[in-house]
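So this one's final.csv, CSV, C-alpha atoms and all ligand atoms:
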```
chain,number,residue,atom,x,y,z
A,1,MET,CA,178.8,47.6,181.3
A,2,GLN,CA,178.3,51.1,182.5
A,3,GLN,CA,181.8,51.9,181.1
A,4,GLY,CA,182.1,53.2,177.6
A,5,LEU,CA,178.5,54.1,177.1
A,6,ILE,CA,178.1,56.4,174.1
A,7,ARG,CA,176.0,58.8,176.3
A,8,GLU,CA,175.3,59.1,180.0
A,9,LYS,CA,171.8,58.4,181.4
A,10,ASN,CA,171.4,62.1,182.4
A,11,ASN,CA,172.1,63.1,178.8
A,12,PHE,CA,169.5,60.8,177.1
A,13,LEU,CA,168.9,61.9,173.6
A,14,VAL,CA,165.2,62.3,173.2
A,15,PHE,CA,163.8,61.1,169.9
A,16,GLY,CA,161.9,63.8,168.0
A,17,ALA,CA,162.7,66.6,170.5
A,18,PRO,CA,160.9,69.9,169.3
A,19,ASP,CA,163.1,72.8,168.4
A,20,ILE,CA,161.4,75.6,170.4
A,21,ARG,CA,163.1,79.0,170.5
A,22,ASP,CA,162.6,82.3,172.5
A,23,GLU,CA,160.4,83.8,169.7
A,24,GLU,CA,157.9,81.0,170.2
A,25,ILE,CA,158.0,81.3,174.0
A,26,ASN,CA,157.6,85.1,173.9
A,27,GLU,CA,154.6,84.7,171.4
A,28,VAL,CA,152.9,82.3,173.8
A,29,VAL,CA,153.4,84.6,176.7
A,30,SER,CA,152.1,87.6,174.8
A,31,SER,CA,148.9,85.5,174.0
A,32,LEU,CA,148.5,84.7,177.6
A,33,LYS,CA,148.8,88.3,178.6
A,34,SER,CA,146.5,89.5,175.8
A,35,GLY,CA,143.6,87.4,177.1
A,36,TRP,CA,143.0,85.8,173.7
A,37,ILE,CA,144.0,82.2,174.4
A,38,GLY,CA,141.2,80.4,172.4
A,39,THR,CA,140.7,80.6,168.7
A,40,GLY,CA,141.7,84.1,167.7
A,41,PRO,CA,143.8,86.4,165.6
A,42,LYS,CA,147.0,84.2,165.8
A,43,VAL,CA,145.1,81.2,164.5
A,44,GLN,CA,144.0,83.4,161.6
A,45,ARG,CA,147.5,84.6,161.0
A,46,PHE,CA,148.9,81.0,161.1
A,47,GLU,CA,146.3,79.9,158.5
A,48,GLU,CA,147.1,82.8,156.2
A,49,GLN,CA,150.8,82.0,156.5
A,50,PHE,CA,150.2,78.3,155.8
A,51,LYS,CA,148.0,79.2,152.8
A,52,GLU,CA,150.8,81.3,151.4
A,53,TYR,CA,153.5,78.7,152.1
A,54,LYS,CA,151.4,76.0,150.3
A,55,ASN,CA,150.1,78.3,147.6
A,56,THR,CA,146.6,77.0,148.1
A,57,ALA,CA,143.1,78.7,148.2
A,58,HIS,CA,142.1,77.6,151.7
A,59,SER,CA,143.8,76.4,154.9
A,60,ILE,CA,141.7,75.5,157.9
A,61,SER,CA,143.5,74.9,161.2
A,62,VAL,CA,142.3,72.1,163.5
A,63,ASN,CA,143.7,70.5,166.7
A,64,SER,CA,145.4,67.5,165.0
A,65,CYS,CA,146.0,65.8,161.7
A,66,THR,CA,143.7,63.1,162.9
A,67,ALA,CA,140.9,65.7,163.0
A,68,ALA,CA,142.0,67.0,159.6
A,69,LEU,CA,141.7,63.6,158.1
A,70,HIS,CA,138.3,62.9,159.8
A,71,LEU,CA,136.8,66.2,158.7
A,72,SER,CA,138.1,65.9,155.1
A,73,ILE,CA,136.5,62.5,154.7
A,74,ILE,CA,133.2,63.8,156.1
A,75,ALA,CA,133.4,67.0,154.1
A,76,ALA,CA,133.8,64.9,150.9
A,77,GLY,CA,130.4,63.3,151.7
A,78,ILE,CA,131.9,59.9,152.6
A,79,GLY,CA,130.4,57.7,155.3
A,80,THR,CA,128.6,54.5,156.1
A,81,GLY,CA,128.6,52.0,153.2
A,82,ASP,CA,131.5,53.6,151.5
A,83,GLU,CA,135.1,52.3,151.2
A,84,VAL,CA,138.3,54.3,151.5
A,85,ILE,CA,141.6,52.9,150.4
A,86,THR,CA,144.8,53.6,152.4
A,87,THR,CA,148.2,52.0,153.0
A,88,ALA,CA,149.2,49.3,155.5
A,89,MET,CA,152.3,51.3,156.3
A,90,THR,CA,151.0,54.3,158.2
A,91,PHE,CA,150.1,55.6,161.7
A,92,CYS,CA,146.9,54.2,163.1
A,93,ALA,CA,145.2,57.7,162.9
A,94,THR,CA,144.9,57.4,159.1
A,95,VAL,CA,142.8,54.3,159.5
A,96,ASN,CA,140.9,55.3,162.6
A,97,ALA,CA,139.8,58.5,160.9
A,98,ILE,CA,138.2,56.4,158.1
A,99,ILE,CA,136.5,54.2,160.7
A,100,HIS,CA,135.1,57.2,162.6
A,101,SER,CA,133.6,58.6,159.5
A,102,GLY,CA,131.5,55.4,159.2
A,103,ALA,CA,133.3,54.2,156.1
A,104,THR,CA,135.2,51.0,155.7
A,105,PRO,CA,139.0,51.1,155.5
A,106,VAL,CA,140.5,49.0,152.7
A,107,LEU,CA,144.2,48.3,153.1
A,108,VAL,CA,146.8,48.2,150.3
A,109,ASP,CA,150.4,47.1,150.6
A,110,CYS,CA,153.2,49.6,150.2
A,111,ASP,CA,156.4,49.5,148.2
A,112,TYR,CA,159.4,48.2,150.2
A,113,GLN,CA,161.8,50.8,148.8
A,114,THR,CA,159.7,54.0,149.1
A,115,GLN,CA,157.4,52.7,151.9
A,116,CYS,CA,154.6,54.6,150.1
A,117,ILE,CA,151.3,53.1,148.9
A,118,ASN,CA,151.7,51.0,145.7
A,119,PRO,CA,149.4,52.3,142.9
A,120,LEU,CA,149.2,48.9,141.2
A,121,GLU,CA,147.8,47.5,144.5
A,122,ILE,CA,145.3,50.3,144.7
A,123,LYS,CA,143.8,49.3,141.4
A,124,LYS,CA,143.2,45.8,142.6
A,125,LYS,CA,141.1,46.9,145.6
A,126,ILE,CA,138.7,49.3,143.8
A,127,THR,CA,135.1,48.3,144.0
A,128,ARG,CA,131.8,50.0,143.3
A,129,LYS,CA,131.8,51.2,146.9
A,130,THR,CA,135.2,52.9,146.8
A,131,LYS,CA,135.0,56.6,147.3
A,132,ALA,CA,138.5,57.8,148.2
A,133,ILE,CA,142.2,57.1,148.4
A,134,ILE,CA,144.3,58.3,151.3
A,135,PRO,CA,148.0,58.2,150.3
A,136,VAL,CA,150.6,58.9,153.0
A,137,HIS,CA,153.8,60.6,151.9
A,138,PHE,CA,155.9,58.3,154.1
A,139,ALA,CA,158.7,59.8,156.1
A,140,GLY,CA,158.6,62.8,153.7
A,141,TYR,CA,159.0,60.7,150.5
A,142,PRO,CA,156.3,61.7,148.0
A,143,CYS,CA,153.8,59.0,146.8
A,144,ASP,CA,153.6,58.4,143.1
A,145,MET,CA,150.9,61.1,142.6
A,146,ASP,CA,150.7,60.9,138.8
A,147,LYS,CA,149.6,57.3,139.0
A,148,ILE,CA,147.4,57.8,142.0
A,149,MET,CA,145.6,60.9,140.4
A,150,ALA,CA,145.1,59.0,137.2
A,151,ILE,CA,143.5,56.1,139.0
A,152,ALA,CA,141.3,58.6,141.0
A,153,ARG,CA,140.2,60.4,137.8
A,154,GLU,CA,139.4,57.1,136.1
A,155,HIS,CA,137.2,55.9,139.0
A,156,LYS,CA,136.0,59.3,140.2
A,157,LEU,CA,137.6,59.0,143.6
A,158,ILE,CA,138.4,61.7,146.1
A,159,VAL,CA,142.1,62.0,147.1
A,160,ILE,CA,143.0,63.0,150.6
A,161,GLU,CA,146.7,63.3,151.1
A,162,ASP,CA,148.0,62.4,154.5
A,163,CYS,CA,150.9,64.9,154.7
A,164,ALA,CA,151.7,64.4,158.4
A,165,HIS,CA,155.3,63.6,157.5
A,166,ALA,CA,155.6,65.8,154.5
A,167,ILE,CA,155.1,69.6,155.2
A,168,GLU,CA,158.1,70.4,153.0
A,169,THR,CA,157.8,67.7,150.4
A,170,LEU,CA,157.5,68.6,146.7
A,171,TYR,CA,156.3,66.2,144.0
A,172,LYS,CA,157.7,67.4,140.6
A,173,GLY,CA,158.0,70.9,142.1
A,174,LYS,CA,154.5,71.0,143.5
A,175,PRO,CA,153.7,71.0,147.2
A,176,VAL,CA,152.1,67.8,148.4
A,177,GLY,CA,148.7,68.3,149.8
A,178,THR,CA,147.8,70.5,146.7
A,179,LEU,CA,147.7,67.6,144.3
A,180,GLY,CA,144.7,65.8,145.6
A,181,ASP,CA,141.3,67.2,146.8
A,182,PHE,CA,142.5,67.7,150.4
A,183,GLY,CA,145.9,67.9,152.2
A,184,CYS,CA,146.1,67.1,155.9
A,185,PHE,CA,149.1,68.2,158.0
A,186,SER,CA,150.2,67.5,161.6
A,187,PHE,CA,151.9,69.8,164.1
A,188,TYR,CA,152.3,67.1,166.7
A,189,VAL,CA,155.4,67.4,169.0
A,190,THR,CA,157.7,65.2,166.9
A,191,LYS,CA,156.6,66.6,163.5
A,192,ASN,CA,158.6,69.0,161.4
A,193,VAL,CA,156.5,72.1,162.4
A,194,VAL,CA,155.3,71.9,166.0
A,195,THR,CA,152.3,73.4,167.9
A,196,ALA,CA,152.2,70.7,170.6
A,197,GLU,CA,149.0,69.4,169.1
A,198,GLY,CA,147.6,70.8,165.9
A,199,GLY,CA,146.7,70.2,162.3
A,200,MET,CA,145.7,71.8,159.0
A,201,VAL,CA,143.4,71.0,156.1
A,202,ILE,CA,144.2,72.6,152.8
A,203,THR,CA,142.0,72.5,149.7
A,204,ASN,CA,141.3,74.5,146.6
A,205,ASN,CA,137.6,73.7,146.7
A,206,ASN,CA,135.4,76.4,148.2
A,207,ASN,CA,132.7,74.0,149.2
A,208,TYR,CA,135.0,71.6,151.0
A,209,ALA,CA,136.7,74.5,152.8
A,210,GLU,CA,133.4,75.9,154.0
A,211,ARG,CA,132.3,72.5,155.3
A,212,VAL,CA,135.6,71.7,157.1
A,213,LYS,CA,135.4,75.1,158.8
A,214,ILE,CA,131.9,74.5,160.0
A,215,LEU,CA,132.5,70.9,161.0
A,216,ALA,CA,135.6,71.8,163.0
A,217,LEU,CA,133.6,74.0,165.4
A,218,HIS,CA,130.4,72.3,166.5
A,219,GLY,CA,128.7,72.8,163.1
A,220,MET,CA,128.2,76.5,163.8
A,221,SER,CA,127.6,78.8,160.9
A,222,GLN,CA,130.0,81.3,162.2
A,223,ASP,CA,133.2,80.9,164.2
A,224,ALA,CA,133.5,82.0,167.8
A,225,TRP,CA,136.2,84.5,167.2
A,226,LYS,CA,134.0,86.5,164.9
A,227,ARG,CA,131.0,86.0,167.2
A,228,PHE,CA,132.7,87.7,170.1
A,229,SER,CA,134.7,90.2,168.2
A,230,ASP,CA,134.3,93.9,168.6
A,231,ASP,CA,132.1,94.4,165.6
A,232,GLY,CA,129.1,93.3,167.6
A,233,TYR,CA,127.5,90.0,168.8
A,234,LYS,CA,126.2,87.8,166.0
A,235,HIS,CA,123.9,84.8,166.5
A,236,TYR,CA,125.1,81.5,165.2
A,237,GLN,CA,123.1,78.6,163.8
A,238,ILE,CA,123.9,74.9,164.0
A,239,VAL,CA,123.8,73.5,160.5
A,240,PHE,CA,125.4,70.1,161.3
A,241,PRO,CA,126.3,68.1,164.4
A,242,GLY,CA,129.9,69.1,164.2
A,243,PHE,CA,133.0,68.5,166.3
A,244,LYS,CA,135.3,70.4,168.7
A,245,TYR,CA,138.4,70.4,166.6
A,246,ASN,CA,139.5,74.0,166.6
A,247,MET,CA,143.1,75.2,167.1
A,248,THR,CA,143.8,77.8,169.9
A,249,ASP,CA,146.0,80.9,169.7
A,250,LEU,CA,148.4,79.3,172.2
A,251,GLN,CA,149.1,76.6,169.6
A,252,ALA,CA,149.2,79.1,166.6
A,253,ALA,CA,151.6,81.2,168.6
A,254,LEU,CA,154.1,78.4,168.3
A,255,GLY,CA,153.1,77.6,164.7
A,256,ILE,CA,153.7,81.1,163.4
A,257,HIS,CA,157.4,81.0,164.3
A,258,GLN,CA,157.9,77.3,163.6
A,259,LEU,CA,156.5,77.9,160.1
A,260,ARG,CA,158.7,80.9,159.5
A,261,ARG,CA,161.8,78.7,160.2
A,262,VAL,CA,160.5,75.8,158.2
A,263,ASP,CA,163.1,76.0,155.5
A,264,GLU,CA,165.9,76.7,157.9
A,265,SER,CA,165.0,73.6,159.9
A,266,TRP,CA,164.7,71.5,156.8
A,267,LYS,CA,168.2,72.5,155.7
A,268,LYS,CA,169.5,71.6,159.1
A,269,ARG,CA,167.8,68.2,158.9
A,270,GLU,CA,169.1,67.7,155.3
A,271,ASP,CA,172.7,68.2,156.6
A,272,ILE,CA,172.1,65.6,159.3
A,273,TRP,CA,170.4,63.3,156.8
A,274,ASN,CA,173.4,63.5,154.4
A,275,ASN,CA,175.8,63.0,157.3
A,276,TYR,CA,174.0,59.8,158.3
A,277,THR,CA,173.9,58.5,154.7
A,278,ASP,CA,177.6,59.3,154.4
A,279,LYS,CA,178.7,57.7,157.6
A,280,LEU,CA,176.4,54.6,157.6
A,281,SER,CA,176.7,53.7,153.9
A,282,PHE,CA,179.0,50.7,154.7
A,283,ALA,CA,176.9,49.3,157.6
A,284,PRO,CA,174.9,46.1,157.1
A,285,ILE,CA,171.6,48.0,157.2
A,286,LYS,CA,169.3,49.4,154.6
A,287,LEU,CA,169.3,53.2,154.4
A,288,PRO,CA,166.4,55.4,153.2
A,289,SER,CA,165.8,55.1,149.4
A,290,GLU,CA,167.1,58.0,147.3
A,291,LEU,CA,164.6,60.3,145.8
A,292,GLN,CA,164.8,61.5,142.2
A,293,LYS,CA,166.0,65.1,141.8
A,294,GLU,CA,162.7,66.3,140.4
A,295,HIS,CA,161.1,65.9,143.9
A,296,LYS,CA,162.0,67.3,147.3
A,297,HIS,CA,162.1,65.0,150.3
A,298,GLY,CA,160.5,66.3,153.5
A,299,HIS,CA,163.2,64.6,155.6
A,300,HIS,CA,160.9,63.8,158.5
A,301,LEU,CA,162.1,60.3,159.4
A,302,TYR,CA,165.5,58.7,158.8
A,303,THR,CA,164.5,55.1,158.8
A,304,ILE,CA,167.0,52.3,158.7
A,305,MET,CA,166.1,48.6,158.1
A,306,ILE,CA,167.7,46.0,160.3
A,307,ASN,CA,167.4,42.5,158.9
A,308,LYS,CA,168.7,39.9,161.4
A,309,LYS,CA,170.2,37.8,158.6
A,310,ILE,CA,172.3,40.7,157.3
A,311,ALA,CA,172.9,42.7,160.5
A,312,ASN,CA,173.3,39.8,162.9
A,313,ILE,CA,170.9,41.4,165.3
A,314,SER,CA,167.2,41.8,165.2
A,315,ARG,CA,165.5,45.2,165.1
A,316,ASP,CA,164.0,44.6,168.5
A,317,ASP,CA,167.3,43.6,170.1
A,318,PHE,CA,168.8,46.7,168.4
A,319,LEU,CA,166.1,48.8,170.0
A,320,VAL,CA,167.1,47.6,173.4
A,321,ARG,CA,170.8,48.1,172.8
A,322,ILE,CA,170.6,51.6,171.4
A,323,ASN,CA,168.3,52.7,174.3
A,324,GLN,CA,171.0,51.3,176.7
A,325,GLU,CA,173.4,53.7,175.0
A,326,ASN,CA,170.9,56.5,176.0
A,327,ILE,CA,169.8,57.3,172.5
A,328,GLY,CA,166.0,57.5,171.9
A,329,VAL,CA,164.7,56.0,168.6
A,330,GLY,CA,161.2,55.3,167.1
A,331,VAL,CA,159.5,52.6,165.2
A,332,HIS,CA,157.4,53.9,162.3
A,333,TYR,CA,155.5,51.6,162.1
A,334,LYS,CA,154.4,48.1,162.8
A,335,SER,CA,152.1,47.2,159.9
A,336,ILE,CA,148.4,48.3,160.4
A,337,ALA,CA,147.4,44.7,159.7
A,338,SER,CA,149.4,43.5,162.7
A,339,HIS,CA,147.1,45.1,165.3
A,340,PRO,CA,144.5,43.0,167.0
A,341,TYR,CA,141.5,45.3,166.6
A,342,TYR,CA,141.8,45.6,162.8
A,343,GLN,CA,142.5,41.9,162.5
A,344,GLU,CA,139.3,41.0,164.4
A,345,ARG,CA,137.1,43.6,162.8
A,346,TYR,CA,138.3,43.4,159.1
A,347,GLY,CA,139.9,40.0,159.0
A,348,TRP,CA,143.2,41.5,157.9
A,349,ARG,CA,146.3,39.3,158.3
A,350,ALA,CA,149.8,40.8,158.5
A,351,GLU,CA,151.2,38.4,155.9
A,352,ASP,CA,148.6,39.7,153.3
A,353,PHE,CA,150.6,42.9,153.2
A,354,PRO,CA,154.1,41.5,152.9
A,355,ASN,CA,156.1,44.7,152.3
A,356,ALA,CA,154.4,46.5,155.2
A,357,ASN,CA,154.9,43.4,157.3
A,358,LYS,CA,158.6,43.2,156.5
A,359,ILE,CA,159.2,46.9,157.1
A,360,GLY,CA,157.2,46.7,160.4
A,361,GLY,CA,159.7,44.0,161.6
A,362,GLU,CA,162.9,45.8,160.4
A,363,THR,CA,162.3,49.5,160.6
A,364,LEU,CA,163.9,51.9,163.1
A,365,SER,CA,163.9,55.7,163.0
A,366,ILE,CA,167.0,57.5,164.4
A,367,PRO,CA,166.9,61.0,165.7
A,368,LEU,CA,166.5,63.7,163.0
A,369,SER,CA,165.3,66.9,164.8
A,370,SER,CA,166.7,70.3,163.8
A,371,LYS,CA,167.5,70.6,167.5
A,372,LEU,CA,170.4,68.0,167.3
A,373,ASN,CA,173.9,69.4,167.5
A,374,ASP,CA,177.0,67.9,166.0
A,375,GLN,CA,177.8,65.8,169.1
A,376,ASP,CA,174.3,64.3,169.1
A,377,VAL,CA,174.6,63.3,165.5
A,378,HIS,CA,178.1,61.9,166.1
A,379,ASP,CA,176.8,59.9,169.1
A,380,VAL,CA,173.9,58.4,167.0
A,381,ILE,CA,176.4,57.2,164.4
A,382,ALA,CA,178.8,55.9,167.0
A,383,ALA,CA,176.1,54.0,168.8
A,384,ILE,CA,175.0,52.3,165.6
A,385,ARG,CA,178.5,51.4,164.7
A,386,LYS,CA,179.2,50.0,168.1
A,387,ILE,CA,176.1,47.8,168.1
A,388,LEU,CA,176.7,46.5,164.6
A,389,ASN,CA,180.5,46.1,165.3
A,390,VAL,CA,181.5,48.1,162.3
A,401,LIG,C1,151.3,61.9,163.2
A,401,LIG,C2,150.5,61.3,162.1
A,401,LIG,C3,149.1,61.4,162.0
A,401,LIG,C4,148.3,62.1,163.1
A,401,LIG,O1,148.7,63.3,163.5
A,401,LIG,P1,148.1,64.0,164.8
A,401,LIG,O2,148.4,65.5,164.6
A,401,LIG,O3,149.0,63.5,165.9
A,401,LIG,O4,146.7,63.7,164.9
A,401,LIG,C5,148.4,60.9,160.9
A,401,LIG,N1,149.1,60.3,160.0
A,401,LIG,C6,150.4,60.1,160.0
A,401,LIG,C7,151.1,59.4,158.9
A,401,LIG,C8,151.2,60.6,161.1
A,401,LIG,O5,152.5,60.3,161.2
```
As structure tokens, the full file:
Amino acid sequence: MQQGLIREKNNFLVFGAPDIRDEEINEVVSSLKSGWIGTGPKVQRFEEQFKEYKNTAHSISVNSCTAALHLSIIAAGIGTGDEVITTAMTFCATVNAIIHSGATPVLVDCDYQTQCINPLEIKKKITRKTKAIIPVHFAGYPCDMDKIMAIAREHKLIVIEDCAHAIETLYKGKPVGTLGDFGCFSFYVTKNVVTAEGGMVITNNNNYAERVKILALHGMSQDAWKRFSDDGYKHYQIVFPGFKYNMTDLQAALGIHQLRRVDESWKKREDIWNNYTDKLSFAPIKLPSELQKEHKHGHHLYTIMINKKIANISRDDFLVRINQENIGVGVHYKSIASHPYYQERYGWRAEDFPNANKIGGETLSIPLSSKLNDQDVHDVIAAIRKILNV
């Protein structure tokens, strides 16, 4: 069995390995030497850079996308007694952020092809209590924003875009995160731009921006960086019981260089993406849905669907087999409605969200980091072919 493995154990291909270069390392070291390791000038630089990249009025850095979602919901004035609609096909953080705001999450099924929230299903779930919609641009594929924004306008709902997978995604030429009221981004280790942990809220609304900024740092009227800066000590006032969600300069030091290379990294992932699509087109698996040319895919996750009836192997058996070949993969995600806490608290049943449930049982994400070299990509393809016997 040990013979003929695609990769050796000591050469395990880590899924979602970050692409960290010397420029990031040097920037972190220079922060450490400067003494400014908390929220400081590099955080401000990273925010400016992100604002420019997204062509938006405000960008507020935080320590995760989970925090970005949480603060956006609160800044929009949403809480106890309100309902927020989101998709059954997302990471748990989207739903948990709603719960922690005090609001009630309302789940909607996704489309099987795009894996994004189905606007027709959103309409069915709107009640008098509905205050917001959180669409997730899944794997980097943009949601149907024209339809979602039309529904939001008709029912006066806030739209908070979960862009954790979608930093580069364009919807009809416009950057996602700028179409709704808020855009929330993640710089977690496996995401397309990495700060170890980190997130960003973008908005064009001055009030929302001000609130998010205050909420992210204890509810203080002025941020700590300004407070201790060399133009003199300034007293702060607490204007809300806020959170400790600020980003540090050590994180921003990574982000500054990661964001500078965002297009270069995207191009590299696009090449890998096209290579996978080319080499796996004949395999008995479903490949990611093609995107119309008027949009741009964020190429965050290359998800294949493994249906036992077609592939002759279940997704879970495939997972075990590909790990034995020393290739790391991910599952994004089991349906939200399949988890016990949500089932017990909200009475959700997995079968009530059939597309998310089907995807949850079939989906598998193969490595797509800009760190992959040609041999890595070759090995992933070879392992899939070996397991499927094609
Ligand atoms: C990763 C992720 C988040 C949470 O991001 P963090 O920065 O880890 O908090 C939220 N939503 C989706 C869809 C994600 O993939």
Inset, instruction - Could you tell me, counting only C-alpha atoms and all ligand atoms, which protein and nucleic acid residues lie no more than 7 Å from ligand LIG 401 (chain A), written as a VMD selection string? - result: chain A and resid 64 to 67 90 to 91 93 to 94 136 138 162 to 165 186 to 188 197 to 199
Inset, instruction - Select all residues near (142.4, 63.1, 149.3) (cut-off 10 Å, inclusive, file coordinates), counting all atoms listed in the file, and output them as a PyMOL selection string. - result: chain A and resi 69+72-73+76+84+132-136+149+152+157-162+177-184+203
Inset, instruction - For CA of Ser59 in chain A and CA of Phe46 in chain A, determine how far apart the two atoms are, in Å to one decimal place. - result: 9.3 Å
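Of the listed residues A:Arg7, A:Arg211, A:Lys371, A:Lys308, the one whose atoms come nearest to Glu264 in chain A is A:Lys371, with distances taken using all atoms listed in the file.
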Inset, instruction - Find the spatial neighbours of Arg321 in chain A, counting only C-alpha atoms, within a cut-off of 10 Å - ignore same-chain residues fewer than 4 positions away - and output them as a ChimeraX atom specification. - result: /A:315-317,325-327,383-384,386-387
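Proximity ranking of A:Ala166, A:Met89, A:Leu120, A:Ala216 relative to Thr39 in chain A places A:Ala216 first, based on all atoms listed in the file.
Here CA of Lys156 in chain A is placed at a distance of 26.2 Å from CA of His295 in chain A.
Counting only C-alpha atoms and comparing A:Gly347, A:Gly328, A:Pro175, A:Pro142, the residue that lies closest to Gln292 in chain A is A:Pro142.
What separates CA of Ala311 in chain A from CA of Gly361 in chain A is a distance of 13.3 Å.
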Legend entry - Distance query Gly140 in chain A at most 8 Å, only C-alpha atoms, self and fewer than 3 positions along chain excluded, as a ChimeraX atom specification: /A:137,165-169,297-301
Legend entry - Contact residues around Leu368 in chain A with all atoms listed in the file at 8 Å, ignoring same-chain residues under 5 positions, as a count of residues only: 8
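Proximity to Lys123 in chain A was assessed for A:Val108, A:Val193, A:Ile25, A:Leu280 counting all atoms listed in the file; the smallest distance is recorded for A:Val108.
The closest residue to Gln343 in chain A, picked from A:Leu319, A:Ile359, A:Ile60, A:Leu107 and counting all atoms listed in the file, is A:Leu107.
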Inset, instruction - Write out as a ChimeraX atom specification each polymer residue whose atoms come within 12 Å of Thr277 in chain A, counting all atoms listed in the file; drop sequence neighbours fewer than 2 positions from it. - result: /A:270-275,279-283,285-290,302-304,366,377,381
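The closest residue to Ile98 in chain A, picked from A:Lys125, A:His58, A:His70, A:Lys174 and counting only C-alpha atoms, is A:His70.
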Quick one: everything within 8 Å of Met220 in chain A, counting all atoms listed in the file, minus sequence neighbours fewer than 4 positions away in the same chain. Send it as a compact mmCIF listing (two decimals) with C-alpha atoms, keeping the file's coordinate frame.
```txt
# COMPACT_ATOMS: atom_id res chain seq x y z
CA ILE A 214 131.90 74.50 160.00
CA LEU A 215 132.50 70.90 161.00
CA TYR A 236 125.10 81.50 165.20
CA GLN A 237 123.10 78.60 163.80
CA ILE A 238 123.90 74.90 164.00
CA VAL A 239 123.80 73.50 160.50
CA PHE A 240 125.40 70.10 161.30
CA GLY A 242 129.90 69.10 164.20
```
